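Peer 1: target.txt is reproduced in full below (compact mmCIF, C-alpha atoms and all ligand atoms).
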# COMPACT_ATOMS: atom_id res chain seq x y z
CA MET A 1 37.45 43.77 109.61
CA LYS A 2 39.96 46.02 111.34
CA PRO A 3 43.36 44.50 112.32
CA ALA A 4 42.41 44.53 116.02
CA ALA A 5 39.13 42.71 115.34
CA ARG A 6 41.02 40.08 113.35
CA LEU A 7 43.33 39.45 116.32
CA GLN A 8 40.34 39.18 118.63
CA SER A 9 38.97 36.48 116.29
CA VAL A 10 42.27 34.61 116.50
CA ILE A 11 42.03 34.73 120.31
CA GLU A 12 38.43 33.45 120.25
CA LEU A 13 39.31 30.61 117.90
CA LEU A 14 42.33 29.64 119.99
CA GLU A 15 40.14 29.53 123.09
CA ALA A 16 37.85 27.08 121.30
CA VAL A 17 40.80 24.97 120.06
CA PHE A 18 42.31 24.83 123.57
CA GLU A 19 39.04 23.37 124.89
CA GLY A 20 40.20 20.33 122.92
CA LYS A 21 36.76 19.11 121.87
CA ARG A 22 37.05 19.62 118.10
CA PRO A 23 39.84 20.01 115.54
CA ALA A 24 40.98 23.51 114.60
CA ASP A 25 39.88 23.27 110.95
CA ALA A 26 36.30 22.29 111.89
CA LEU A 27 36.13 25.11 114.47
CA SER A 28 37.41 27.64 111.96
CA THR A 29 34.87 26.55 109.30
CA ASP A 30 31.99 26.95 111.77
CA TYR A 31 33.36 30.23 113.09
CA PHE A 32 33.25 31.84 109.65
CA LYS A 33 29.88 30.28 108.76
CA ALA A 34 28.49 32.24 111.69
CA ARG A 35 30.34 35.44 110.63
CA ARG A 36 29.48 36.03 107.00
CA TYR A 37 30.75 39.61 107.33
CA ALA A 38 34.33 38.31 107.38
CA GLY A 39 35.75 38.63 103.87
CA SER A 40 38.23 36.26 102.24
CA LYS A 41 41.22 38.40 103.27
CA ASP A 42 40.00 38.42 106.88
CA ARG A 43 39.56 34.66 106.83
CA ARG A 44 43.00 34.13 105.34
CA PHE A 45 44.66 36.40 107.90
CA ILE A 46 42.82 34.87 110.86
CA ASN A 47 43.49 31.28 109.77
CA THR A 48 47.15 31.99 109.05
CA ARG A 49 47.61 33.56 112.48
CA LEU A 50 45.65 30.79 114.18
CA TYR A 51 47.83 28.07 112.65
CA GLU A 52 51.06 30.02 113.21
CA THR A 53 50.17 30.32 116.87
CA LEU A 54 49.27 26.63 117.07
CA ARG A 55 52.57 25.67 115.41
CA ASN A 56 54.50 27.85 117.88
CA ARG A 57 52.38 27.17 120.93
CA ALA A 58 55.13 25.69 123.11
CA LYS A 59 57.62 28.43 122.23
CA LEU A 60 55.12 31.23 122.83
CA GLY A 61 54.03 29.58 126.09
CA TRP A 62 57.65 29.28 127.20
CA LEU A 63 58.23 32.99 126.52
CA ALA A 64 55.06 33.84 128.44
CA GLU A 65 56.37 31.86 131.39
CA GLN A 66 59.78 33.61 131.23
CA VAL A 67 58.08 37.00 131.59
CA SER A 68 55.67 35.73 134.27
CA LEU A 69 52.52 35.75 132.16
CA GLU A 70 50.00 32.92 132.08
CA ALA A 71 50.03 31.12 128.71
CA THR A 72 46.43 31.93 127.74
CA PRO A 73 45.23 32.31 124.12
CA ARG A 74 45.29 36.09 124.59
CA THR A 75 48.87 36.08 125.89
CA LEU A 76 50.10 33.84 123.07
CA VAL A 77 48.53 36.11 120.45
CA LEU A 78 49.92 39.16 122.22
CA ILE A 79 53.47 37.78 122.42
CA ASP A 80 53.30 36.64 118.80
CA ALA A 81 52.19 40.12 117.71
CA ALA A 82 54.94 41.74 119.80
CA LEU A 83 57.58 39.42 118.27
CA LYS A 84 56.27 40.41 114.84
CA GLU A 85 56.90 44.02 115.91
CA GLU A 86 53.26 44.99 115.52
CA ASP A 87 52.03 48.01 117.43
CA VAL A 88 50.33 46.03 120.19
CA GLN A 89 49.26 49.17 122.09
CA SER A 90 47.06 50.19 119.17
CA LEU A 91 45.68 46.67 118.70
CA PHE A 92 44.91 45.67 122.30
CA THR A 93 42.73 48.69 123.10
CA GLY A 94 39.51 47.33 124.55
CA ASP A 95 37.57 49.16 121.82
CA GLN A 96 34.56 47.48 120.26
CA TYR A 97 35.63 44.14 118.60
CA ALA A 98 39.27 44.64 119.68
CA PRO A 99 41.11 42.56 122.34
CA GLU A 100 40.92 43.91 125.88
CA ALA A 101 43.29 46.78 126.64
CA LEU A 102 46.79 45.86 127.81
CA SER A 103 47.23 45.70 131.55
CA ALA A 104 50.10 47.48 133.28
CA GLN A 105 51.66 44.05 133.96
CA GLU A 106 51.47 43.12 130.28
CA ILE A 107 53.01 46.40 129.17
CA GLY A 108 55.82 45.96 131.68
CA THR A 109 56.57 42.35 130.80
CA LEU A 110 56.48 42.82 127.03
CA ALA A 111 59.56 44.98 127.36
CA LEU A 112 61.35 41.99 128.92
CA LEU A 113 60.66 39.60 126.03
CA SER A 114 63.88 40.42 124.23
CA ASP A 115 65.87 39.18 127.28
CA HIS A 116 64.82 35.62 126.46
CA ASP A 117 66.05 33.56 123.56
CA VAL A 118 63.84 30.62 122.72
CA THR A 119 66.72 28.80 121.04
CA ASN A 120 67.96 28.19 124.62
CA ALA A 121 64.74 26.44 125.59
CA PRO A 122 64.67 22.63 126.04
CA ASP A 123 64.11 20.52 122.88
CA PRO A 124 60.41 19.74 123.47
CA ILE A 125 59.80 23.51 123.50
CA ARG A 126 62.04 24.35 120.54
CA PHE A 127 60.65 21.51 118.44
CA GLU A 128 57.07 21.74 119.69
CA TYR A 129 56.25 18.32 121.09
CA PRO A 130 55.02 17.03 124.45
CA GLU A 131 57.91 16.15 126.74
CA TRP A 132 56.57 12.67 127.51
CA LEU A 133 57.02 11.76 123.81
CA ASP A 134 60.72 12.67 123.80
CA LYS A 135 62.06 9.11 124.20
CA ASP A 136 59.64 7.61 121.66
CA LEU A 137 60.38 10.28 119.07
CA ARG A 138 64.15 10.01 119.46
CA GLU A 139 64.10 6.21 119.28
CA SER A 140 61.82 6.27 116.26
CA LEU A 141 63.43 9.06 114.24
CA GLY A 142 67.07 8.39 115.16
CA GLU A 143 69.51 10.52 113.20
CA HIS A 144 66.66 12.22 111.29
CA PHE A 145 65.04 13.55 114.45
CA GLU A 146 65.53 17.29 113.78
CA GLU A 147 64.73 17.23 110.04
CA VAL A 148 61.56 15.24 110.57
CA ILE A 149 60.30 17.31 113.49
CA ASN A 150 61.05 20.53 111.65
CA ALA A 151 59.15 19.24 108.60
CA LEU A 152 56.22 18.26 110.82
CA ASN A 153 56.08 21.86 112.00
CA GLN A 154 55.66 23.23 108.46
CA GLU A 155 52.39 23.90 106.70
CA ALA A 156 51.31 21.00 104.45
CA PRO A 157 50.44 21.57 100.79
CA LEU A 158 47.06 20.55 99.41
CA ASP A 159 47.19 17.02 97.98
CA ILE A 160 44.47 15.97 95.57
CA ARG A 161 43.58 12.52 94.24
CA ILE A 162 42.15 12.20 90.76
CA ASN A 163 39.24 9.76 90.74
CA ALA A 164 40.29 6.90 88.47
CA LEU A 165 36.58 6.12 87.90
CA HIS A 166 35.90 9.51 86.30
CA PRO A 167 35.65 9.68 82.49
CA ASP A 168 37.65 12.97 82.48
CA LYS A 169 40.53 11.64 84.61
CA ALA A 170 43.14 12.18 81.85
CA LYS A 171 42.14 15.83 81.54
CA ALA A 172 42.09 16.57 85.29
CA VAL A 173 45.05 18.99 85.27
CA GLU A 174 43.58 21.06 82.40
CA ILE A 175 40.14 21.10 84.01
CA LEU A 176 41.61 22.30 87.31
CA LYS A 177 43.68 24.94 85.53
CA ALA A 178 40.53 26.26 83.87
CA GLN A 179 39.12 26.61 87.40
CA ASN A 180 42.21 28.55 88.53
CA ILE A 181 43.87 25.69 90.39
CA GLU A 182 47.52 25.15 89.56
CA ALA A 183 48.48 21.64 90.59
CA GLU A 184 51.56 19.57 89.79
CA PRO A 185 51.68 15.77 89.74
CA THR A 186 52.90 14.36 93.06
CA PRO A 187 56.18 12.42 92.85
CA TYR A 188 54.93 8.90 93.63
CA SER A 189 51.18 8.36 93.27
CA PRO A 190 49.91 8.16 89.67
CA TRP A 191 46.64 9.76 90.82
CA GLY A 192 48.16 12.52 92.93
CA LEU A 193 48.25 16.27 92.29
CA ARG A 194 49.73 18.88 94.62
CA SER A 195 48.81 22.52 94.97
CA ALA A 196 51.13 24.74 97.00
CA LYS A 197 48.23 27.16 97.41
CA LYS A 198 45.49 26.26 99.87
CA VAL A 199 42.24 26.17 97.91
CA LYS A 200 38.76 25.49 99.22
CA LEU A 201 37.69 22.73 96.85
CA GLY A 202 34.10 22.44 98.12
CA GLY A 203 32.62 24.91 95.64
CA ILE A 204 34.63 23.78 92.62
CA LYS A 205 32.91 21.95 89.77
CA ALA A 206 35.63 19.28 89.43
CA TYR A 207 35.13 18.41 93.10
CA LYS A 208 31.34 18.51 93.07
CA GLU A 209 31.30 16.23 90.02
CA GLY A 210 33.63 13.70 91.65
CA LEU A 211 36.68 14.17 89.43
CA ILE A 212 38.89 14.92 92.43
CA ASP A 213 39.03 14.47 96.18
CA ILE A 214 41.40 15.67 98.89
CA GLN A 215 43.89 13.00 99.96
CA ASP A 216 47.50 13.13 101.07
CA GLU A 217 49.86 11.30 98.72
CA GLY A 218 50.92 8.88 101.47
CA SER A 219 47.31 7.92 102.01
CA GLN A 220 46.86 7.34 98.25
CA LEU A 221 49.89 5.06 98.23
CA ILE A 222 48.53 2.95 101.10
CA SER A 223 45.31 2.38 99.14
CA LEU A 224 47.32 1.37 96.07
CA LEU A 225 49.73 -0.86 98.02
CA THR A 226 46.74 -2.76 99.40
CA GLN A 227 46.36 -3.92 95.77
CA PRO A 228 42.58 -4.28 95.74
CA LYS A 229 42.46 -4.38 91.91
CA ASP A 230 40.80 -7.56 90.57
CA CYS A 231 39.87 -8.65 94.11
CA GLU A 232 36.48 -10.13 94.95
CA LEU A 233 36.32 -9.36 98.66
CA VAL A 234 38.09 -6.46 100.31
CA MET A 235 37.62 -4.94 103.76
CA ASP A 236 38.58 -1.49 104.98
CA PHE A 237 38.52 -2.23 108.72
CA CYS A 238 38.92 1.33 110.01
CA ALA A 239 37.33 3.21 107.14
CA GLY A 240 36.42 6.46 108.93
CA ALA A 241 34.84 8.84 106.41
CA GLY A 242 36.33 6.84 103.57
CA GLY A 243 39.52 8.50 102.30
CA LYS A 244 41.11 5.14 101.48
CA THR A 245 37.83 3.34 100.76
CA LEU A 246 37.16 5.72 97.88
CA ALA A 247 40.65 5.28 96.46
CA MET A 248 40.39 1.49 96.71
CA ALA A 249 36.93 1.41 95.11
CA ALA A 250 38.39 3.31 92.15
CA GLU A 251 41.21 0.75 91.87
CA MET A 252 38.62 -2.03 91.94
CA GLU A 253 36.78 -0.27 89.07
CA ASN A 254 33.58 -0.64 91.10
CA LYS A 255 33.80 -4.44 90.82
CA GLY A 256 33.78 -7.02 93.65
CA ALA A 257 32.70 -6.00 97.14
CA LEU A 258 34.44 -3.52 99.41
CA TYR A 259 33.25 -3.60 103.04
CA ALA A 260 33.90 -0.36 104.89
CA LEU A 261 33.78 -0.74 108.68
CA ASP A 262 34.26 1.57 111.61
CA ILE A 263 33.24 1.70 115.25
CA SER A 264 31.94 5.23 114.68
CA PRO A 265 28.73 5.13 112.61
CA THR A 266 28.73 8.95 112.45
CA ARG A 267 32.14 9.00 110.82
CA LEU A 268 31.30 6.08 108.54
CA TYR A 269 28.04 7.56 107.26
CA LYS A 270 29.82 10.80 106.37
CA MET A 271 31.15 8.69 103.51
CA ARG A 272 27.73 8.43 101.82
CA PRO A 273 27.80 11.76 99.92
CA ARG A 274 31.44 11.15 99.01
CA LEU A 275 30.59 7.75 97.53
CA GLU A 276 27.76 9.29 95.55
CA ARG A 277 29.90 12.15 94.26
CA ALA A 278 32.68 9.77 93.20
CA LYS A 279 30.14 7.40 91.56
CA VAL A 280 31.29 4.47 93.67
CA SER A 281 28.88 1.53 93.73
CA ASN A 282 30.73 -1.46 95.24
CA VAL A 283 31.06 -0.23 98.85
CA HIS A 284 29.03 -1.66 101.74
CA LEU A 285 29.05 0.43 104.91
CA HIS A 286 28.89 -1.48 108.18
CA PRO A 287 29.43 -0.01 111.64
CA ILE A 288 30.87 -2.56 114.09
CA LYS A 289 30.72 -2.60 117.88
CA ALA A 290 34.35 -3.60 118.37
CA GLU A 291 37.17 -5.33 116.54
CA ASN A 292 35.81 -8.73 117.69
CA ASP A 293 32.21 -8.02 116.55
CA PRO A 294 30.51 -11.42 115.90
CA TRP A 295 29.32 -10.07 112.49
CA LEU A 296 32.89 -10.51 111.26
CA LYS A 297 32.77 -14.31 111.64
CA GLN A 298 31.09 -14.76 108.21
CA PHE A 299 34.29 -13.53 106.52
CA GLU A 300 36.70 -15.99 108.17
CA THR A 301 39.40 -17.15 105.72
CA ARG A 302 37.52 -15.50 102.83
CA LEU A 303 38.83 -12.00 102.29
CA ASP A 304 41.40 -11.16 99.62
CA ARG A 305 42.53 -8.02 101.40
CA VAL A 306 42.01 -6.31 104.75
CA LEU A 307 43.29 -2.79 105.10
CA ILE A 308 43.78 -1.69 108.71
CA ASP A 309 44.18 2.07 108.70
CA ALA A 310 44.67 1.89 112.42
CA PRO A 311 43.59 4.44 115.00
CA CYS A 312 46.91 5.94 116.05
CA SER A 313 48.70 8.86 117.71
CA GLY A 314 48.61 10.83 114.44
CA VAL A 315 52.20 12.04 114.92
CA GLY A 316 52.65 11.85 111.14
CA SER A 317 49.87 14.34 110.50
CA TRP A 318 51.04 17.11 112.83
CA ARG A 319 51.54 19.32 109.74
CA ARG A 320 47.77 19.36 109.14
CA ALA A 321 46.54 19.26 112.73
CA PRO A 322 49.26 20.98 114.80
CA GLU A 323 46.98 21.12 117.85
CA SER A 324 46.56 17.33 117.99
CA ARG A 325 49.98 16.76 119.60
CA TRP A 326 48.82 18.42 122.82
CA LYS A 327 45.73 16.23 123.09
CA MET A 328 47.62 12.94 123.11
CA THR A 329 48.65 11.49 126.47
CA SER A 330 50.87 8.51 127.29
CA GLU A 331 47.78 6.67 128.59
CA LEU A 332 45.93 7.29 125.32
CA LEU A 333 48.93 6.08 123.34
CA GLU A 334 49.09 2.85 125.39
CA ASP A 335 45.39 2.36 124.80
CA LEU A 336 45.82 2.86 121.04
CA ILE A 337 48.72 0.41 120.91
CA GLY A 338 46.56 -2.23 122.60
CA ARG A 339 43.73 -1.57 120.19
CA GLN A 340 46.02 -1.76 117.14
CA GLU A 341 47.21 -5.16 118.34
CA ARG A 342 43.66 -6.43 118.80
CA ILE A 343 42.53 -5.20 115.35
CA LEU A 344 45.52 -6.90 113.73
CA ASP A 345 44.71 -10.11 115.58
CA SER A 346 41.03 -10.07 114.51
CA SER A 347 41.88 -9.33 110.89
CA ALA A 348 44.38 -12.18 110.68
CA HIS A 349 41.54 -14.74 110.80
CA LEU A 350 39.55 -13.07 108.03
CA VAL A 351 42.05 -13.27 105.19
CA ARG A 352 42.32 -16.28 102.86
CA PRO A 353 45.70 -18.00 102.38
CA GLY A 354 47.62 -15.91 99.86
CA GLY A 355 45.65 -12.78 100.83
CA TYR A 356 47.03 -9.68 102.56
CA VAL A 357 46.48 -7.85 105.79
CA VAL A 358 47.78 -4.33 105.13
CA TYR A 359 48.56 -2.43 108.32
CA ALA A 360 48.92 1.35 108.13
CA THR A 361 49.23 4.31 110.48
CA CYS A 362 49.81 8.03 110.13
CA SER A 363 52.41 7.74 112.86
CA LEU A 364 56.19 7.81 112.91
CA LEU A 365 56.46 5.99 116.23
CA LYS A 366 58.15 2.58 116.18
CA ARG A 367 55.87 1.31 118.92
CA GLU A 368 52.84 1.81 116.64
CA ASN A 369 54.62 0.59 113.50
CA GLU A 370 57.57 -1.82 113.29
CA ASP A 371 57.05 -3.09 116.87
CA GLN A 372 53.41 -3.97 116.10
CA ILE A 373 54.46 -5.94 113.03
CA ALA A 374 57.18 -7.76 114.98
CA LYS A 375 54.65 -8.75 117.68
CA PHE A 376 52.13 -9.83 115.04
CA LEU A 377 54.64 -12.06 113.27
CA THR A 378 55.66 -13.71 116.56
CA SER A 379 52.09 -14.70 117.32
CA HIS A 380 51.03 -15.50 113.70
CA ASP A 381 53.55 -17.84 112.13
CA ASN A 382 51.29 -18.31 109.09
CA TYR A 383 52.04 -14.73 107.99
CA THR A 384 55.12 -13.23 106.32
CA VAL A 385 56.00 -9.70 105.29
CA LEU A 386 55.68 -8.92 101.60
CA PRO A 387 58.43 -6.32 101.10
CA VAL A 388 56.95 -3.07 99.90
CA SER A 389 59.51 -2.95 97.06
CA GLU A 390 57.95 -6.11 95.58
CA ALA A 391 54.46 -4.65 95.62
CA TRP A 392 55.88 -1.39 94.25
CA ALA A 393 57.51 -3.18 91.30
CA ASP A 394 54.14 -4.81 90.44
CA LEU A 395 52.29 -1.51 90.63
CA PHE A 396 54.60 1.19 89.31
CA ASP A 397 57.35 1.74 86.73
CA THR A 398 59.36 3.89 89.15
CA GLU A 399 61.98 2.85 91.67
CA CYS A 400 60.64 2.13 95.16
CA PRO A 401 61.56 5.13 97.34
CA PHE A 402 61.60 3.15 100.60
CA GLU A 403 64.47 1.23 102.12
CA GLY A 404 63.64 -1.93 104.02
CA GLU A 405 60.47 -3.96 104.09
CA PHE A 406 57.92 -1.27 104.87
CA MET A 407 56.59 1.96 103.43
CA GLN A 408 57.74 4.77 105.70
CA MET A 409 56.90 8.18 104.36
CA ARG A 410 58.80 11.06 105.92
CA PRO A 411 57.58 14.63 105.64
CA ASP A 412 61.14 15.95 105.22
CA LEU A 413 62.13 13.42 102.56
CA HIS A 414 58.95 12.47 100.71
CA LYS A 415 57.06 15.74 101.33
CA SER A 416 54.05 13.76 102.51
CA ASP A 417 52.50 13.22 105.93
CA GLY A 418 54.37 10.64 107.99
CA PHE A 419 52.74 7.36 106.99
CA PHE A 420 53.70 3.75 107.70
CA CYS A 421 52.44 0.70 105.83
CA ALA A 422 53.29 -3.01 106.08
CA ILE A 423 51.94 -5.74 103.80
CA LEU A 424 51.43 -9.05 105.60
CA GLN A 425 50.71 -12.08 103.46
CA ARG A 426 48.92 -15.14 104.81
CA GLN A 427 50.73 -18.32 103.85
CA SER A 428 48.36 -20.97 105.19
C1 LIG A 501 43.05 6.66 110.91
S1 LIG A 501 41.35 6.75 111.11
C2 LIG A 501 40.73 6.17 109.57
C3 LIG A 501 40.90 7.11 108.42
C4 LIG A 501 40.30 6.60 107.13
N1 LIG A 501 40.69 5.24 106.84
C5 LIG A 501 40.67 7.48 105.95
O1 LIG A 501 41.49 7.08 105.11
O2 LIG A 501 40.14 8.60 105.87
C6 LIG A 501 41.05 5.39 112.16
C7 LIG A 501 39.58 5.00 112.33
O3 LIG A 501 39.55 3.82 113.12
C8 LIG A 501 38.33 3.80 113.79
N2 LIG A 501 38.43 2.78 114.86
C9 LIG A 501 38.92 2.92 116.10
N3 LIG A 501 38.86 1.75 116.75
C10 LIG A 501 38.34 0.84 115.89
C11 LIG A 501 38.02 -0.54 116.00
N4 LIG A 501 38.25 -1.21 117.11
N5 LIG A 501 37.49 -1.14 114.91
C12 LIG A 501 37.26 -0.44 113.78
N6 LIG A 501 37.53 0.87 113.63
C13 LIG A 501 38.06 1.50 114.67
C14 LIG A 501 38.15 5.22 114.23
O4 LIG A 501 36.79 5.50 114.50
C15 LIG A 501 38.70 5.99 113.03
O5 LIG A 501 37.67 6.39 112.17
Hey, can you dump this file as structure tokens for me?
Ligand SMILES: C[S@@+](CC[C@H](N)C(=O)[O-])C[C@H]1O[C@@H](n2cnc3c(N)ncnc32)[C@H](O)[C@@H]1O
Peer 2:
Amino acid sequence: MKPAARLQSVIELLEAVFEGKRPADALSTDYFKARRYAGSKDRRFINTRLYETLRNRAKLGWLAEQVSLEATPRTLVLIDAALKEEDVQSLFTGDQYAPEALSAQEIGTLALLSDHDVTNAPDPIRFEYPEWLDKDLRESLGEHFEEVINALNQEAPLDIRINALHPDKAKAVEILKAQNIEAEPTPYSPWGLRSAKKVKLGGIKAYKEGLIDIQDEGSQLISLLTQPKDCELVMDFCAGAGGKTLAMAAEMENKGALYALDISPTRLYKMRPRLERAKVSNVHLHPIKAENDPWLKQFETRLDRVLIDAPCSGVGSWRRAPESRWKMTSELLEDLIGRQERILDSSAHLVRPGGYVVYATCSLLKRENEDQIAKFLTSHDNYTVLPVSEAWADLFDTECPFEGEFMQMRPDLHKSDGFFCAILQRQS
């Protein structure tokens, strides 16, 4: 593809992302499936540009506004190309496959870009977050505000989890190396590997044969901290497509029963091929209607563990889905907070005395994390917090990297997505 055609693809993909119906990675996969003529270099260029634009969307939009242009996908790509000192006149030509030719207004305003310095823009623009989240972010991140937000605006590495059920697990690094994947052990999870290079694992033998799966290190740690090993009855309340279910099944060595629930059957059933590939046999998939589904009654006071990987704002995963921050609204956040509370409340009845409810989010917001736990403890005096350091000492030989009672992974400090996890133990 010619450079101009590549930019036109970036514009088309951005238009689809801005519609807000599907995540950018899914849109990009489908886009290239329908355009087999795009080679690997084209795909890499287009995806890199797409994500760069998404990560700088507020700043590019602010610049557009300063020079009186509407912040459309085309304008953002144009301003980005101009800032990169590319010859925009020869790229925006209106030729076949190229972006439409520059208008007189665009040519005139581009010359004015250098009059505006984005470092003078308000914080939500400079740091790329919706203004309505300002108070929540500042209260939650405190003195680490800038470091954390800057880390959330970086590209994430590829984190891999070795399947503990696989007979070749000890040789995983060598096997991956033989398939041209250089991966280093992650700092905390015993099953984690990290590759700085983005690799499409789908076609790789080690992936197809279930030796590895994609999973952020923070997510691996939540599965481990749930401590499902040697348990008879475990529930993954918000299992989605099974990232944590698979990791917990491996810890359980396929023994006992692991119930994977979700209100979205579509998402839940996406787990089936993953279970098969990973040779997992102790998982029971069950879609529920809501967190108070009558089907749950049979488990009252019986479960050893319930993991609640709660639906949340996803602030902690902005590295991977930079577009998601613009989809969230304050109303949606309130709705999620209410739902998190109700799921916690339902789960509390299911666990046996001595068992754990493990509450996790991929959020860095206090209102979704510490505040939820505080509310839960006020209304459930038969529960106490099991400090994460105690669980850590039982699981690992390393020092617990978290201060305080909870796991709080920070992208700047722990190089993981921003995850939170609290272990709540039922006393009676
Ligand atoms: C953070 S995602 C789960 C990710 C998954 N555990 C993983 O590790 O890949 C949260 C999930 O909660 C589900 N969910 C939302 N409301 C729910 C409810 N009331 N009960 C159960 N699941 C719910 C969503 O459909 C979504 O799949």
Peer 1: Can you pull out every residue with an atom within 8 Å of ligand LIG 501 (chain A)? Use only C-alpha atoms and all ligand atoms and format it as a ChimeraX atom specification.
Peer 2: /A:219,236-245,261-264,267-268,288-292,308-312,314,339-340,342-343,361-362
Peer 1: Which residue is closest to Leu91 of chain A? Choose from A:Pro3, A:Gly192, A:Gly404, A:Gly202 and count only C-alpha atoms.
Peer 2: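 Closest candidate: A:Pro3.
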Peer 1: When you count all atoms listed in the file, which of these residues is closest to Ala58 of chain A: A:Glu331, A:Glu323, A:Glu143, A:Asp345?
Peer 2: A:Glu323
Peer 1: Give me the residues within 12 Å of Leu158 of chain A as a PyMOL selection string, counting all atoms listed in the file and dropping any in the same chain fewer than 3 places off.
Peer 2: chain A and resi 155+161+181-186+192-201+213-217+319-320+415-417
Peer 1: Which value, in Å to one decimal, gives the distance between atom CA of Ala178 of chain A and atom CA of Val280 of chain A?
Peer 2: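 So the answer is 25.6 Å.
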Peer 1: Considering only C-alpha atoms, return as a ChimeraX atom specification whatever protein or nucleic-acid residues lie within 9 Å of Gln425 of chain A, sequence-local ones (same chain, fewer than 5 positions apart) excluded.
Peer 2: /A:351,353-358,382-386
Peer 1: For a quick check of understanding, using all atoms listed in the file, which of A:Gln220, A:Ser379, A:Ser317, A:Gln427 has the smallest distance to Thr301 of chain A?
Peer 2: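 The closest residue to Thr301 of chain A is A:Gln427.
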Peer 1: Smallest atom-to-atom distance to Asp168 of chain A: which of A:Ile212, A:Cys231, A:Leu137, A:Ile373, using all atoms listed in the file?
Peer 2: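 Checking each of A:Ile212, A:Cys231, A:Leu137, A:Ile373 against Asp168 of chain A, counting all atoms listed in the file, the winner is A:Ile212.
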Peer 1: Give the answer as one residue: which of A:Leu54, A:Val118, A:Leu78, A:Ala257 has the shortest atom-to-atom distance to Ser103 of chain A, using only C-alpha atoms?
Peer 2: A:Leu78
Peer 1: Compile the contact shell of Asn282 of chain A as a compact mmCIF listing (two decimals) with C-alpha atoms, in the coordinates of the input: residues with an atom at most 8 Å away, counting all atoms listed in the file, same-chain residues fewer than 3 positions apart removed.
Peer 2:
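Printed below is part05.txt as written:
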# COMPACT_ATOMS: atom_id res chain seq x y z
CA ALA A 249 36.93 1.41 95.11
CA ASN A 254 33.58 -0.64 91.10
CA LYS A 255 33.80 -4.44 90.82
CA GLY A 256 33.78 -7.02 93.65
CA ALA A 257 32.70 -6.00 97.14
CA LEU A 258 34.44 -3.52 99.41
Peer 1: Here is a test: counting all atoms listed in the file, which residue of A:Ser189, A:Glu86, A:Ser346, A:Ala101 is nearest to Trp295 of chain A?
Peer 2: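 Among the listed residues, A:Ser346 lies closest to Trp295 of chain A.
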Peer 1: Rounded to one decimal place, report the atom CA of Met1 of chain A-atom CA of Phe32 of chain A distance in Å.
Peer 2: 12.6 Å
Peer 1: Excluding same-chain residues fewer than 5 positions from Asn56 of chain A, what lies within 12 Å of it counting all atoms listed in the file, as a PDB file with C-alpha atoms, in the frame of the given file?
Peer 2:
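Writing the result to out.pdb gives the following:
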ATOM      1  CA  ARG A  49      47.610  33.560 112.480  1.00  0.00           C
ATOM      2  CA  LEU A  50      45.650  30.790 114.180  1.00  0.00           C
ATOM      3  CA  TYR A  51      47.830  28.070 112.650  1.00  0.00           C
ATOM      4  CA  GLY A  61      54.030  29.580 126.090  1.00  0.00           C
ATOM      5  CA  TRP A  62      57.650  29.280 127.200  1.00  0.00           C
ATOM      6  CA  LEU A  63      58.230  32.990 126.520  1.00  0.00           C
ATOM      7  CA  LEU A  76      50.100  33.840 123.070  1.00  0.00           C
ATOM      8  CA  VAL A  77      48.530  36.110 120.450  1.00  0.00           C
ATOM      9  CA  ILE A  79      53.470  37.780 122.420  1.00  0.00           C
ATOM     10  CA  ASP A  80      53.300  36.640 118.800  1.00  0.00           C
ATOM     11  CA  LEU A  83      57.580  39.420 118.270  1.00  0.00           C
ATOM     12  CA  VAL A 118      63.840  30.620 122.720  1.00  0.00           C
ATOM     13  CA  PRO A 124      60.410  19.740 123.470  1.00  0.00           C
ATOM     14  CA  ILE A 125      59.800  23.510 123.500  1.00  0.00           C
ATOM     15  CA  ARG A 126      62.040  24.350 120.540  1.00  0.00           C
ATOM     16  CA  PHE A 127      60.650  21.510 118.440  1.00  0.00           C
ATOM     17  CA  GLU A 128      57.070  21.740 119.690  1.00  0.00           C
ATOM     18  CA  TYR A 129      56.250  18.320 121.090  1.00  0.00           C
ATOM     19  CA  ASN A 150      61.050  20.530 111.650  1.00  0.00           C
ATOM     20  CA  ASN A 153      56.080  21.860 112.000  1.00  0.00           C
ATOM     21  CA  GLN A 154      55.660  23.230 108.460  1.00  0.00           C
ATOM     22  CA  PRO A 322      49.260  20.980 114.800  1.00  0.00           C
ATOM     23  CA  GLU A 323      46.980  21.120 117.850  1.00  0.00           C
TER      24      GLU A 323
END
Peer 1: Counting all atoms listed in the file, which residues of segment 88-150 of chain A sit at most 12 Å from some atom of segment 11-25 of chain A, and what is each one's closest atom pair with its distance in Å to one decimal, listed by chain and rising residue number, as CSV?
Peer 2:
residue,atom,partner,partner_atom,distance
A:Phe92,CA,A:Ile11,CA,11.5
A:Tyr97,CA,A:Glu12,CA,11.2
A:Ala98,CA,A:Ile11,CA,10.3
A:Pro99,CA,A:Ile11,CA,8.1
A:Glu100,CA,A:Ile11,CA,10.8
Peer 1: Kindly save the residues from that selection, with C-alpha atoms included, as a compact mmCIF listing (two decimals), keeping the file's coordinate frame.
Peer 2:
# COMPACT_ATOMS: atom_id res chain seq x y z
CA PHE A 92 44.91 45.67 122.30
CA TYR A 97 35.63 44.14 118.60
CA ALA A 98 39.27 44.64 119.68
CA PRO A 99 41.11 42.56 122.34
CA GLU A 100 40.92 43.91 125.88
Peer 1: Measure the distance from atom CA of Pro157 of chain A to atom CA of Pro411 of chain A in Å and round it to one decimal.
Peer 2: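 Computed distance, atom CA of Pro157 of chain A to atom CA of Pro411 of chain A, equals 11.1 Å.
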